[in-house]
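Below: input-v6.txt (compact mmCIF, C-alpha atoms)
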```
# COMPACT_ATOMS: atom_id res chain seq x y z
CA MET A 4 5.14 49.78 32.19
CA LYS A 5 1.51 48.69 31.79
CA SER A 6 1.21 50.53 28.52
CA MET A 7 4.21 48.64 27.02
CA LEU A 8 2.78 45.19 27.82
CA LEU A 9 -0.49 45.72 26.01
CA PRO A 10 1.01 46.49 22.55
CA VAL A 11 3.60 43.70 22.84
CA THR A 12 0.97 41.15 23.95
CA GLY A 13 -1.39 42.25 21.19
CA LEU A 14 1.38 41.97 18.60
CA ALA A 15 2.34 38.46 19.81
CA LEU A 16 -1.28 37.28 19.54
CA ALA A 17 -1.62 38.73 16.05
CA VAL A 18 1.56 36.97 14.85
CA ALA A 19 0.47 33.66 16.40
CA ALA A 20 -2.95 33.89 14.77
CA CYS A 21 -1.40 34.41 11.34
CA SER A 22 1.28 31.74 11.59
CA GLN A 23 -0.90 28.64 11.08
CA PRO A 24 -3.85 28.22 8.66
CA ALA A 25 -7.12 27.26 10.30
CA GLU A 26 -8.05 23.56 10.14
CA THR A 27 -10.90 24.39 7.73
CA GLU A 28 -8.49 26.15 5.37
CA LYS A 29 -6.21 23.14 4.92
CA ALA A 30 -6.66 21.33 1.61
CA PRO A 31 -6.92 17.53 1.50
CA THR A 32 -3.63 15.93 0.59
CA ALA A 33 -2.76 12.57 -0.90
CA SER A 34 0.65 11.06 -0.48
CA TYR A 35 2.66 9.92 -3.48
CA ASP A 36 1.55 6.31 -3.02
CA GLY A 37 -2.16 7.20 -3.12
CA GLU A 38 -2.97 7.20 0.58
CA VAL A 39 -5.38 9.92 1.69
CA ALA A 40 -5.61 11.72 5.01
CA PRO A 41 -8.33 10.24 7.27
CA GLU A 42 -11.79 11.33 6.19
CA SER A 43 -12.55 13.10 9.49
CA LYS A 44 -9.69 15.56 8.84
CA VAL A 45 -10.47 16.23 5.17
CA PRO A 46 -12.89 19.12 4.64
CA ASP A 47 -15.83 18.52 2.33
CA THR A 48 -14.82 20.21 -0.92
CA GLY A 49 -17.38 18.44 -3.09
CA THR A 50 -14.59 16.45 -4.75
CA PRO A 51 -14.38 12.72 -3.92
CA ALA A 52 -11.27 11.55 -2.06
CA ILE A 53 -8.62 9.72 -4.08
CA LYS A 54 -8.91 5.96 -3.71
CA PRO A 55 -5.91 3.66 -4.25
CA THR A 56 -7.58 2.02 -7.26
CA ASP A 57 -8.03 5.48 -8.82
CA VAL A 58 -4.26 6.02 -8.96
CA PRO A 59 -2.97 4.91 -12.37
CA THR A 60 0.70 4.39 -13.12
CA ARG A 61 2.61 7.61 -12.57
CA GLY A 62 6.15 8.44 -13.62
CA GLY A 63 8.63 6.34 -15.51
CA ASP A 64 8.52 6.05 -19.26
CA GLY A 65 4.74 6.51 -19.34
CA SER A 66 3.88 2.84 -19.87
CA PRO A 67 1.44 1.36 -17.33
CA ILE A 68 2.40 -1.16 -14.65
CA GLU A 69 0.15 -4.13 -15.39
CA LEU A 70 -0.07 -7.02 -12.96
CA ALA A 71 -2.30 -9.77 -14.34
CA ALA A 72 -4.28 -12.44 -12.47
CA LEU A 73 -2.37 -15.64 -11.74
CA THR A 74 -3.95 -18.92 -12.82
CA GLY A 75 -3.73 -22.25 -11.01
CA THR A 76 -1.33 -23.37 -13.74
CA ASP A 77 0.91 -20.33 -13.10
CA VAL A 78 1.07 -21.03 -9.36
CA GLY A 79 1.48 -24.81 -9.77
CA GLY A 80 4.23 -24.32 -12.33
CA ALA A 81 6.20 -22.09 -9.96
CA LYS A 82 6.65 -24.95 -7.46
CA LEU A 83 6.88 -22.53 -4.53
CA LYS A 84 8.33 -23.99 -1.34
CA GLY A 85 7.20 -23.00 2.14
CA GLU A 86 4.81 -24.11 4.86
CA LEU A 87 2.23 -21.33 4.43
CA ALA A 88 1.20 -18.91 1.71
CA CYS A 89 -0.02 -15.34 1.29
CA SER A 90 -1.78 -13.85 -1.71
CA PHE A 91 -2.99 -10.44 -2.84
CA ALA A 92 -6.13 -10.08 -4.96
CA ALA A 93 -6.94 -6.63 -6.37
CA GLY A 94 -10.42 -5.18 -5.97
CA ASP A 95 -13.15 -7.81 -6.06
CA ALA A 96 -11.09 -10.23 -8.18
CA ALA A 97 -11.12 -13.88 -7.17
CA GLN A 98 -7.72 -14.61 -8.72
CA PRO A 99 -4.64 -13.20 -6.97
CA ILE A 100 -2.04 -11.04 -8.68
CA LEU A 101 0.68 -12.00 -6.17
CA VAL A 102 1.29 -15.36 -4.44
CA ALA A 103 4.18 -16.15 -2.08
CA ASN A 104 5.12 -18.97 0.31
CA GLY A 105 7.30 -18.93 3.41
CA ASP A 106 8.21 -20.98 6.45
CA VAL A 107 6.97 -20.17 9.96
CA ALA A 108 9.54 -18.86 12.48
CA SER A 109 12.19 -18.63 9.76
CA ASP A 110 14.61 -15.99 8.56
CA GLU A 111 14.76 -17.64 5.13
CA PRO A 112 13.29 -15.47 2.36
CA SER A 113 9.67 -15.92 1.29
CA ARG A 114 9.39 -16.65 -2.42
CA GLY A 115 6.57 -16.08 -4.83
CA ILE A 116 5.42 -14.93 -8.25
CA VAL A 117 3.61 -12.11 -10.03
CA LYS A 118 2.56 -11.86 -13.67
CA VAL A 119 3.82 -8.65 -15.26
CA GLY A 120 1.85 -8.38 -18.48
CA ASP A 121 2.17 -11.95 -19.84
CA THR A 122 5.43 -12.81 -18.06
CA ILE A 123 5.70 -14.70 -14.76
CA GLU A 124 8.32 -13.04 -12.55
CA ALA A 125 9.86 -14.54 -9.42
CA ILE A 126 9.69 -12.37 -6.27
CA SER A 127 11.23 -12.68 -2.82
CA ALA A 128 10.93 -10.97 0.56
CA ASN A 129 13.24 -10.92 3.53
CA GLY A 130 12.02 -13.11 6.39
CA GLY A 131 9.71 -16.06 6.49
CA PHE A 132 5.93 -16.38 6.71
CA ASP A 133 5.63 -14.45 10.00
CA THR A 134 7.16 -11.33 8.44
CA MET A 135 5.21 -11.73 5.21
CA ALA A 136 1.85 -12.09 6.98
CA LYS A 137 2.18 -8.59 8.50
CA GLY A 138 2.80 -6.98 5.11
CA THR A 139 6.23 -6.71 3.56
CA LYS A 140 8.30 -5.66 0.56
CA PHE A 141 8.86 -8.12 -2.27
CA PHE A 142 11.62 -7.66 -4.80
CA ALA A 143 11.74 -8.78 -8.44
CA LYS A 144 13.76 -7.91 -11.51
CA GLY A 145 13.22 -4.14 -11.86
CA LEU A 146 10.21 -4.11 -9.52
CA GLN A 147 9.50 -3.61 -5.83
CA LEU A 148 6.08 -4.61 -4.47
CA ARG A 149 5.03 -3.32 -1.05
CA VAL A 150 2.03 -4.88 0.74
CA ALA A 151 0.57 -2.63 3.45
CA LEU A 152 -2.32 -3.71 5.67
CA VAL A 153 -4.95 -0.95 5.87
CA GLY A 154 -7.71 -2.44 8.00
CA PRO A 155 -8.78 -5.18 10.38
CA ALA A 156 -9.42 -8.78 9.31
CA GLN A 157 -12.74 -9.33 7.54
CA GLY A 158 -14.64 -12.26 8.98
CA GLY A 159 -13.54 -15.03 11.27
CA GLY A 160 -11.74 -18.30 10.98
CA GLU A 161 -8.10 -19.25 11.06
CA SER A 162 -6.88 -16.83 8.41
CA PRO A 163 -9.43 -14.19 7.37
CA PRO A 164 -8.49 -11.74 4.61
CA ARG A 165 -7.37 -8.21 5.46
CA PRO A 166 -7.81 -5.04 3.40
CA ALA A 167 -4.46 -3.99 1.97
CA THR A 168 -2.73 -1.99 -0.71
CA LEU A 169 -0.08 -3.27 -3.07
CA THR A 170 2.26 -0.53 -4.25
CA ALA A 171 4.31 -1.45 -7.31
CA ASP A 172 7.46 0.63 -7.88
CA ARG A 173 9.27 0.03 -11.16
CA ALA A 174 13.01 0.71 -11.58
CA ASP A 175 12.30 3.56 -14.03
CA GLY A 176 10.44 5.49 -11.32
CA ALA A 177 6.90 4.46 -12.27
CA ARG A 178 4.47 3.68 -9.42
CA ARG A 179 1.00 2.16 -9.26
CA VAL A 180 -1.18 1.38 -6.24
CA PHE A 181 -3.69 -1.46 -6.12
CA ALA A 182 -6.33 -1.89 -3.39
CA GLY A 183 -7.51 -5.37 -2.45
CA LEU A 184 -7.26 -8.20 0.07
CA TRP A 185 -4.22 -9.86 1.64
CA ARG A 186 -4.83 -13.50 2.61
CA CYS A 187 -2.32 -15.53 4.60
CA GLY A 188 -2.54 -19.03 5.98
CA PRO A 189 -2.69 -22.70 5.12
```

Will you turn the file into structure tokens for me?
Amino acid sequence: MKSMLLPVTGLALAVAACSQPAETEKAPTASYDGEVAPESKVPDTGTPAIKPTDVPTRGGDGSPIELAALTGTDVGGAKLKGELACSFAAGDAAQPILVANGDVASDEPSRGIVKVGDTIEAISANGGFDTMAKGTKFFAKGLQLRVALVGPAQGGGESPPRPATLTADRADGARRVFAGLWRCGP
């Protein structure tokens, strides 16, 4: 009986050892929306990790998704209603590419604007300011914009900015990811 256990046990260990690749053999992976596995789990391959701003428009008809900076005139002309506002500015830009207003403790949609190329487009998100402040999905004609918070608030004060990504999905299947700051407050 002893002699039968040794070959079976040895065979089981050999199969288990071959069933999963070692942690060092796993290649770094990026999800479709440009997010990368945490740096501590990505082996050093000599190739820099993909950053959200490095992900150009993919898919669709091949034309880029271009969200332009909103001016004070653009925002003022939109006459957005709501007690508090949120905005997303890409990279180090001072001007936001998305602005939306909403009411506190409300289920009414938040409403805002983006500039697609040279055209101002109205956007809306389910829920009021409280939902919007945590990151949300905005919808426009042929476009979905998803704000995802990716880090803690930077600085102090009543409403410090937070690192975030803005993923733009166009109806034709195109996607582009922007990295920047999400600011919400008065």

What's the 12 Å shell around A:Thr122, counting all atoms listed in the file, without same-chain residues fewer than 2 positions away, as a PyMOL selection string? chain A and resi 69-73+77+116-120+124-125+144

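From atom CA of A:Pro59 back to atom CA of A:Phe141, the distance works out to 20.3 Å.
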
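Between atom CA of A:Phe142 and atom CA of A:Ala177 there is a distance of 15.0 Å.
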
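The coordinates place atom CA of A:Ala128 at 22.3 Å from atom CA of A:Ala156.
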
Can you report as AutoDock Vina command-line options the centre and edge lengths in Å, to one decimal, of an axis-aligned box around the listed atoms of stretch 119-136 of chain A padded with 4 Å on each side?
```
--center_x 7.5 --center_y -12.4 --center_z -4.9 --size_x 19.4 --size_y 16.0 --size_z 37.8
```

Measuring between all atoms listed in the file, which one of A:Asp172, A:Asp95, A:Asp106, A:Glu161 shows the shortest distance to A:Thr60? A:Asp172

Which of A:Gln147, A:Gln157, A:Ser162, A:Ser113 sits closest to A:Ala174 [using only C-alpha atoms]: A:Gln147
